[in-house]
file final.txt (compact mmCIF, C-alpha atoms)
# COMPACT_ATOMS: atom_id res chain seq x y z
CA MET N 105 35.79 129.80 42.38
CA ASN N 106 39.01 127.94 42.99
CA GLN N 107 41.83 127.98 40.48
CA ALA N 108 45.00 125.96 40.21
CA ALA N 109 48.07 126.22 38.06
CA ASN N 110 48.46 123.67 35.32
CA ALA N 111 50.69 120.88 36.54
CA ASN N 112 51.12 119.10 33.23
CA ALA N 113 54.64 118.82 31.83
CA HIS N 114 53.53 119.71 28.32
CA PRO N 115 51.64 122.80 27.16
CA ARG N 116 47.92 122.37 27.02
CA VAL N 117 46.32 122.33 23.60
CA ALA N 118 43.44 124.45 22.29
CA VAL N 119 41.54 124.75 19.04
CA VAL N 120 39.96 128.13 18.29
CA THR N 121 37.74 128.15 15.22
CA GLY N 122 37.25 131.25 13.13
CA ALA N 123 40.46 132.92 14.29
CA SER N 124 41.81 134.79 11.27
CA ARG N 125 40.71 138.06 12.85
CA GLY N 126 38.39 139.61 15.39
CA VAL N 127 37.10 137.73 18.41
CA GLY N 128 38.70 134.41 17.52
CA ARG N 129 42.10 135.98 16.95
CA GLY N 130 42.05 137.83 20.27
CA ILE N 131 40.95 134.76 22.22
CA ALA N 132 43.67 132.67 20.59
CA VAL N 133 46.40 135.21 21.34
CA ALA N 134 45.31 135.41 25.00
CA LEU N 135 45.55 131.62 25.24
CA GLY N 136 49.03 131.91 23.74
CA GLU N 137 49.95 134.41 26.45
CA ALA N 138 49.05 131.66 28.93
CA GLY N 139 51.54 129.32 27.24
CA MET N 140 49.08 127.11 25.37
CA THR N 141 49.57 125.44 22.02
CA VAL N 142 46.75 126.90 19.93
CA TYR N 143 45.44 125.60 16.63
CA VAL N 144 43.59 128.34 14.76
CA THR N 145 41.24 127.81 11.85
CA GLY N 146 39.67 129.91 9.14
CA ARG N 147 39.63 130.42 5.39
CA SER N 148 42.06 133.35 5.17
CA ALA N 149 45.32 131.44 5.30
CA THR N 150 47.86 133.97 4.03
CA HIS N 151 45.68 136.61 2.34
CA SER N 152 42.41 138.22 3.35
CA GLU N 153 39.73 138.91 0.76
CA MET N 154 37.08 139.77 3.34
CA THR N 155 35.34 143.13 3.16
CA LEU N 156 32.66 144.95 5.13
CA HIS N 157 30.70 147.73 3.50
CA GLY N 158 33.40 148.07 0.87
CA GLN N 159 36.24 148.28 3.38
CA PRO N 160 38.82 145.49 3.54
CA LEU N 161 39.09 143.39 6.69
CA SER N 162 42.66 142.55 7.55
CA GLY N 163 43.84 139.41 9.30
CA THR N 164 45.03 135.96 8.29
CA LEU N 165 45.62 132.65 10.02
CA THR N 166 49.37 132.97 9.54
CA GLU N 167 49.35 136.35 11.28
CA THR N 168 47.28 134.97 14.15
CA ALA N 169 49.57 131.95 14.59
CA ASP N 170 52.62 134.25 14.61
CA ALA N 171 50.97 136.50 17.21
CA ILE N 172 50.25 133.48 19.44
CA THR N 173 53.87 132.40 19.26
CA GLN N 174 55.12 135.91 19.94
CA ALA N 175 52.82 136.06 22.97
CA GLY N 176 54.51 133.01 24.48
CA GLY N 177 52.53 130.07 23.15
CA ILE N 178 52.75 127.93 20.05
CA GLY N 179 50.50 129.00 17.21
CA ILE N 180 49.55 126.53 14.49
CA ALA N 181 47.50 127.72 11.51
CA VAL N 182 45.18 125.19 9.86
CA PRO N 183 43.18 126.50 6.89
CA CYS N 184 39.69 125.06 7.26
CA ASP N 185 36.29 125.76 5.75
CA HIS N 186 33.88 124.89 8.54
CA ALA N 187 31.14 124.28 5.99
CA ASP N 188 33.08 121.17 4.94
CA ASP N 189 32.81 118.37 7.51
CA ALA N 190 35.74 116.48 5.98
CA GLN N 191 38.04 119.44 6.54
CA VAL N 192 36.91 119.70 10.17
CA GLN N 193 37.54 115.99 10.69
CA ALA N 194 41.01 116.37 9.17
CA LEU N 195 41.73 119.24 11.57
CA PHE N 196 41.15 117.11 14.65
CA GLU N 197 43.00 114.18 13.14
CA GLN N 198 45.97 116.52 12.76
CA VAL N 199 45.68 117.62 16.40
CA ALA N 200 45.53 113.98 17.50
CA ARG N 201 48.52 113.05 15.37
CA GLU N 202 50.67 115.99 16.42
CA GLN N 203 49.63 116.47 20.05
CA GLY N 204 47.77 113.36 21.17
CA ARG N 205 45.48 115.48 23.32
CA LEU N 206 43.06 118.39 23.40
CA ASP N 207 42.18 120.50 26.43
CA LEU N 208 40.00 123.24 24.99
CA LEU N 209 37.75 123.85 21.99
CA VAL N 210 36.42 127.35 21.39
CA ASN N 211 33.54 127.26 18.91
CA ASN N 212 33.76 130.72 17.41
CA ALA N 213 33.52 130.32 13.62
CA ILE N 214 30.47 132.06 12.15
CA ALA N 215 29.49 133.29 8.69
CA LEU N 216 28.77 136.93 9.51
CA HIS N 217 27.00 138.50 6.56
CA GLU N 218 28.01 141.92 5.29
CA ASN N 219 24.44 143.14 5.73
CA LEU N 220 23.99 141.76 9.25
CA ILE N 221 23.61 145.10 10.99
CA ASP N 222 21.69 146.86 8.24
CA PRO N 223 18.33 148.17 9.50
CA GLY N 224 15.18 146.50 8.23
CA PRO N 225 13.23 143.24 8.55
CA PHE N 226 14.69 139.86 7.67
CA TRP N 227 12.76 139.56 4.39
CA ALA N 228 14.39 142.75 3.12
CA LYS N 229 17.88 141.33 3.63
CA PRO N 230 19.70 138.70 1.53
CA LEU N 231 18.46 135.14 2.00
CA ASP N 232 22.00 133.86 2.52
CA MET N 233 21.99 135.60 5.89
CA ILE N 234 20.84 132.16 7.04
CA ALA N 235 24.35 130.81 6.31
CA MET N 236 25.27 131.52 9.93
CA LEU N 237 23.09 128.57 10.92
CA ASP N 238 25.46 126.42 8.85
CA VAL N 239 28.79 128.01 9.70
CA GLY N 240 28.03 129.09 13.23
CA LEU N 241 25.56 126.58 14.63
CA ARG N 242 25.89 123.36 12.65
CA SER N 243 29.64 123.81 12.37
CA SER N 244 29.94 124.03 16.17
CA TYR N 245 28.17 120.69 16.49
CA VAL N 246 30.53 119.14 13.94
CA ALA N 247 33.67 120.55 15.59
CA SER N 248 32.48 119.34 19.01
CA TYR N 249 31.72 115.91 17.55
CA PHE N 250 35.25 115.43 16.26
CA ALA N 251 36.84 117.07 19.32
CA ALA N 252 35.03 114.90 21.86
CA PRO N 253 37.26 111.78 21.66
CA LEU N 254 40.40 113.86 22.25
CA LEU N 255 38.84 115.76 25.16
CA LEU N 256 37.60 112.53 26.73
CA LYS N 257 41.05 110.98 26.40
CA ASN N 258 42.40 113.70 28.70
CA GLY N 259 39.80 113.10 31.37
CA ARG N 260 39.33 116.86 31.68
CA GLY N 261 38.59 119.61 29.20
CA LEU N 262 36.30 122.38 28.07
CA ILE N 263 34.15 123.25 25.07
CA ALA N 264 33.22 126.94 25.00
CA PHE N 265 30.73 128.50 22.59
CA THR N 266 31.09 132.23 21.93
CA SER N 267 27.57 133.62 22.20
CA SER N 268 25.96 136.97 22.95
CA TYR N 269 23.06 138.77 24.55
CA GLY N 270 21.39 138.35 21.15
CA ALA N 271 20.39 134.87 22.31
CA GLY N 272 17.92 136.43 24.71
CA CYS N 273 16.87 139.72 23.11
CA TYR N 274 16.28 140.97 19.57
CA MET N 275 19.69 141.65 18.04
CA HIS N 276 20.62 141.79 14.33
CA GLY N 277 17.55 139.81 13.28
CA PRO N 278 16.22 136.26 13.60
CA ALA N 279 19.09 134.38 11.94
CA TYR N 280 21.64 135.84 14.35
CA GLY N 281 19.35 135.28 17.32
CA ALA N 282 18.69 131.67 16.35
CA GLN N 283 22.40 130.97 15.95
CA LYS N 284 23.24 132.34 19.38
CA ALA N 285 20.26 130.79 21.17
CA GLY N 286 20.94 127.48 19.43
CA GLY N 287 24.53 127.53 20.64
CA ASP N 288 23.41 128.10 24.21
CA LYS N 289 21.04 125.11 24.08
CA MET N 290 23.61 122.97 22.31
CA ALA N 291 26.13 123.64 25.06
CA ALA N 292 23.56 122.73 27.71
CA ASP N 293 22.64 119.45 26.04
CA MET N 294 26.25 118.51 25.28
CA ALA N 295 27.01 119.03 28.97
CA VAL N 296 24.43 116.38 29.81
CA ASP N 297 26.17 113.90 27.52
CA PHE N 298 29.57 114.78 29.03
CA GLU N 299 28.44 114.30 32.65
CA GLY N 300 30.90 112.28 34.69
CA THR N 301 33.67 112.47 32.09
CA GLY N 302 35.57 115.53 33.34
CA VAL N 303 34.72 117.46 30.18
CA ALA N 304 32.65 120.61 30.64
CA CYS N 305 30.66 122.59 28.10
CA VAL N 306 29.55 126.20 28.47
CA SER N 307 28.22 129.01 26.34
CA LEU N 308 29.58 132.50 26.92
CA TRP N 309 27.81 135.80 26.39
CA LEU N 310 30.42 138.29 25.27
CA GLY N 311 29.77 142.00 25.48
CA PRO N 312 30.33 144.42 22.58
CA GLN N 313 33.71 143.63 21.07
CA ARG N 314 36.40 146.10 20.06
CA THR N 315 37.34 144.65 16.67
CA GLU N 316 38.05 145.96 13.20
CA ARG N 317 34.56 144.88 12.16
CA SER N 318 33.05 146.85 15.06
CA ALA N 319 35.08 149.93 14.10
CA ILE N 320 33.64 149.82 10.58
CA ALA N 321 30.15 149.27 11.99
CA ALA N 322 30.59 152.31 14.23
CA GLN N 323 31.50 154.39 11.19
CA SER N 324 28.56 153.19 9.11
CA ARG N 325 25.97 153.35 11.92
CA PRO N 326 27.24 155.70 14.63
CA ASP N 327 23.70 156.00 16.02
CA ALA N 328 23.68 152.35 17.08
CA TYR N 329 27.35 151.38 17.40
CA GLY N 330 29.25 154.59 18.04
CA ASP N 331 30.09 153.72 21.66
CA ILE N 332 31.48 150.24 21.02
CA MET N 333 35.09 151.24 20.53
CA GLN N 334 35.06 153.30 23.73
CA ASN N 335 33.03 150.99 25.98
CA GLY N 336 33.45 147.53 24.48
CA GLU N 337 35.58 144.58 25.50
CA THR N 338 38.74 143.45 23.77
CA PRO N 339 38.65 139.88 22.45
CA GLU N 340 41.82 139.19 24.47
CA PHE N 341 39.85 139.95 27.64
CA ASN N 342 37.47 137.12 26.78
CA GLY N 343 40.38 134.81 26.03
CA ARG N 344 41.75 135.38 29.51
CA VAL N 345 38.33 134.59 30.97
CA ILE N 346 38.17 131.35 28.99
CA HIS N 347 41.63 130.37 30.22
CA ALA N 348 40.57 131.08 33.81
CA LEU N 349 37.51 128.88 33.29
CA LEU N 350 39.72 126.07 32.05
CA ASP N 351 41.81 126.37 35.23
CA ASP N 352 38.80 126.57 37.54
CA LEU N 353 38.70 123.58 39.88
CA GLU N 354 34.92 124.00 40.05
CA LEU N 355 34.48 123.96 36.29
CA HIS N 356 32.27 120.87 36.45
CA SER N 357 29.69 122.83 38.47
CA LEU N 358 29.39 125.39 35.66
CA SER N 359 28.99 122.86 32.86
CA GLY N 360 25.79 123.29 30.86
CA GLN N 361 25.33 126.93 31.82
CA THR N 362 25.30 130.07 29.73
CA LEU N 363 27.61 132.54 31.46
CA ILE N 364 28.38 136.23 31.01
CA THR N 365 32.11 136.78 30.57
CA ALA N 366 32.06 140.22 32.20
CA GLU N 367 30.60 138.65 35.36
CA LEU N 368 33.10 135.80 35.32
CA ALA N 369 35.91 138.32 34.95
CA GLN N 370 34.84 140.06 38.15
CA GLN N 371 34.87 136.73 40.00
CA TYR N 372 38.29 135.81 38.60
CA GLY N 373 39.81 139.27 39.14
CA ILE N 374 40.38 139.85 35.41
CA THR N 375 40.39 143.34 33.92
CA ASP N 376 40.72 144.45 30.34
CA ALA N 377 43.96 145.65 28.76
CA ASP N 378 43.48 149.26 29.86
CA GLY N 379 42.70 148.22 33.45
CA CYS N 380 38.96 148.83 33.13
CA GLN N 381 36.30 146.38 34.28
CA PRO N 382 33.87 145.72 31.41
CA PRO N 383 30.28 145.81 32.66
CA SER N 384 27.64 143.13 32.50
CA PHE N 385 24.61 144.07 30.40
CA ARG N 386 22.32 141.67 32.26
CA ARG N 387 19.92 144.38 33.45
CA LEU N 388 19.83 146.16 30.08
CA LEU N 389 19.70 143.21 27.65
CA GLY N 390 18.50 140.29 29.76
CA ALA N 391 19.82 137.20 31.51
CA PRO N 392 20.66 133.74 30.15
CA LEU N 393 17.88 131.17 30.24
CA SER N 394 17.75 128.44 32.86
CA TRP N 395 16.98 125.10 31.25
CA HIS N 396 14.39 122.71 32.69
CA PRO N 397 15.99 119.71 34.43
CA ALA N 398 13.71 117.15 32.76
CA ARG N 399 15.51 114.60 30.57
CA ILE N 400 14.08 112.37 27.87
CA ASP N 401 16.45 110.04 26.04

call {"tool": "encode", "arguments": {"input": "final.txt", "output": "structure tokens"}}
result
Amino acid sequence: MNQAANANAHPRVAVVTGASRGVGRGIAVALGEAGMTVYVTGRSATHSEMTLHGQPLSGTLTETADAITQAGGIGIAVPCDHADDAQVQALFEQVAREQGRLDLLVNNAIALHENLIDPGPFWAKPLDMIAMLDVGLRSSYVASYFAAPLLLKNGRGLIAFTSSYGAGCYMHGPAYGAQKAGGDKMAADMAVDFEGTGVACVSLWLGPQRTERSAIAAQSRPDAYGDIMQNGETPEFNGRVIHALLDDLELHSLSGQTLITAELAQQYGITDADGCQPPSFRRLLGAPLSWHPARID
């Protein structure tokens, strides 16, 4: 894969949805380290009321934006409920007004339910677990819809969906699996529509993430998640992979594919913060699907 330094006079612009904490925050900060202007969205603007199994989850948009700026980029916090299409439209109108361009959209926002990793069948869990098909799948379509005109204006850009091995194997139940598999297919079909425009669309399978949420999960279910904090990836690692993808001169050849970030990192020469090389779980958890080339308008 060939990479080239950005030759534009102005910093490139990214939107990372669901970036108050966790994966979105880490990706956004890594993009800031690369000098990008990063708009971050979420509902926790200046105060977090999120909890997991009775434990508070820290992290706000303001803190993420500050961390982006401290890392070397420009962080801009935009409170946004991704269940509200009007708020999402207003977000991209703000980006257009303030920047006049968009280079990268990371579709990461998802309504992760507090009982997601509880053992048991789907009918024994709360019905509103299905909310992740609204904020998670539908919301990614809406964000991509409003981002498309700005990306097309550039003549080159990237939409990246954060996905997981749960798209191809049983993981956390059917709602989670449908959200991830749906994102993979959505990225593939959007890539067809973007053909010839210079805008690429990919879905990315992240490995286990070292986040505050994962740390709480490891405490509550050490049998299943005890190794995550020792063997998982940092979200910043995935942000560096996404930035390398954006810089890849062969990005168009990857458009429409579901890719494993750990494998991309090996190709790009990217290691995690501690110098380790996160492994691919392809052999253990399965490989991304290959879509049939048939097309019916």

call {"tool": "residues_around", "arguments": {"input": "final.txt", "residues": "stretch 170-184 of chain N", "least_positions_apart": "6", "cutoff": "6 Å", "atoms": "all atoms listed in the file", "output": "list of chain:residue names"}}
result
N:Val133, N:Gly136, N:Glu137, N:Gly139, N:Met140, N:Thr141, N:Val142, N:Tyr143, N:Val144, N:Thr145, N:Gly146, N:Arg147, N:Ala149, N:Gln191

call {"tool": "write_last_selection", "arguments": {"input": "final.txt", "atoms": "C-alpha atoms", "output": "PDB file, in the coordinates of the input"}}
result
ATOM      1  CA  VAL N 133      46.400 135.210  21.340  1.00  0.00           C
ATOM      2  CA  GLY N 136      49.030 131.910  23.740  1.00  0.00           C
ATOM      3  CA  GLU N 137      49.950 134.410  26.450  1.00  0.00           C
ATOM      4  CA  GLY N 139      51.540 129.320  27.240  1.00  0.00           C
ATOM      5  CA  MET N 140      49.080 127.110  25.370  1.00  0.00           C
ATOM      6  CA  THR N 141      49.570 125.440  22.020  1.00  0.00           C
ATOM      7  CA  VAL N 142      46.750 126.900  19.930  1.00  0.00           C
ATOM      8  CA  TYR N 143      45.440 125.600  16.630  1.00  0.00           C
ATOM      9  CA  VAL N 144      43.590 128.340  14.760  1.00  0.00           C
ATOM     10  CA  THR N 145      41.240 127.810  11.850  1.00  0.00           C
ATOM     11  CA  GLY N 146      39.670 129.910   9.140  1.00  0.00           C
ATOM     12  CA  ARG N 147      39.630 130.420   5.390  1.00  0.00           C
ATOM     13  CA  ALA N 149      45.320 131.440   5.300  1.00  0.00           C
ATOM     14  CA  GLN N 191      38.040 119.440   6.540  1.00  0.00           C
TER      15      GLN N 191
END

call {"tool": "closest_residue", "arguments": {"input": "final.txt", "among": "N:Pro225, N:Phe250, N:Gly240, N:Thr168", "to": "N:Asp189", "atoms": "all atoms listed in the file"}}
result
N:Phe250

call {"tool": "residues_around", "arguments": {"input": "final.txt", "residues": "N:Met236", "least_positions_apart": "2", "cutoff": "10 Å", "atoms": "all atoms listed in the file", "output": "ChimeraX atom specification"}}
result
/N:213-217,232-234,238-243,279-280,282-284

call {"tool": "closest_residue", "arguments": {"input": "final.txt", "among": "N:Val303, N:Leu353, N:Ala194, N:Ile221", "to": "N:His276", "atoms": "all atoms listed in the file"}}
result
N:Ile221

call {"tool": "residues_around", "arguments": {"input": "final.txt", "residues": "stretch 341-351 of chain N", "least_positions_apart": "4", "cutoff": "8 Å", "atoms": "all atoms listed in the file", "output": "JSON, numbers by chain"}}
result
{"N": [107, 108, 109, 110, 130, 131, 132, 133, 134, 135, 138, 208, 261, 262, 264, 310, 337, 355, 365, 368, 369, 372, 374, 375, 376, 377]}
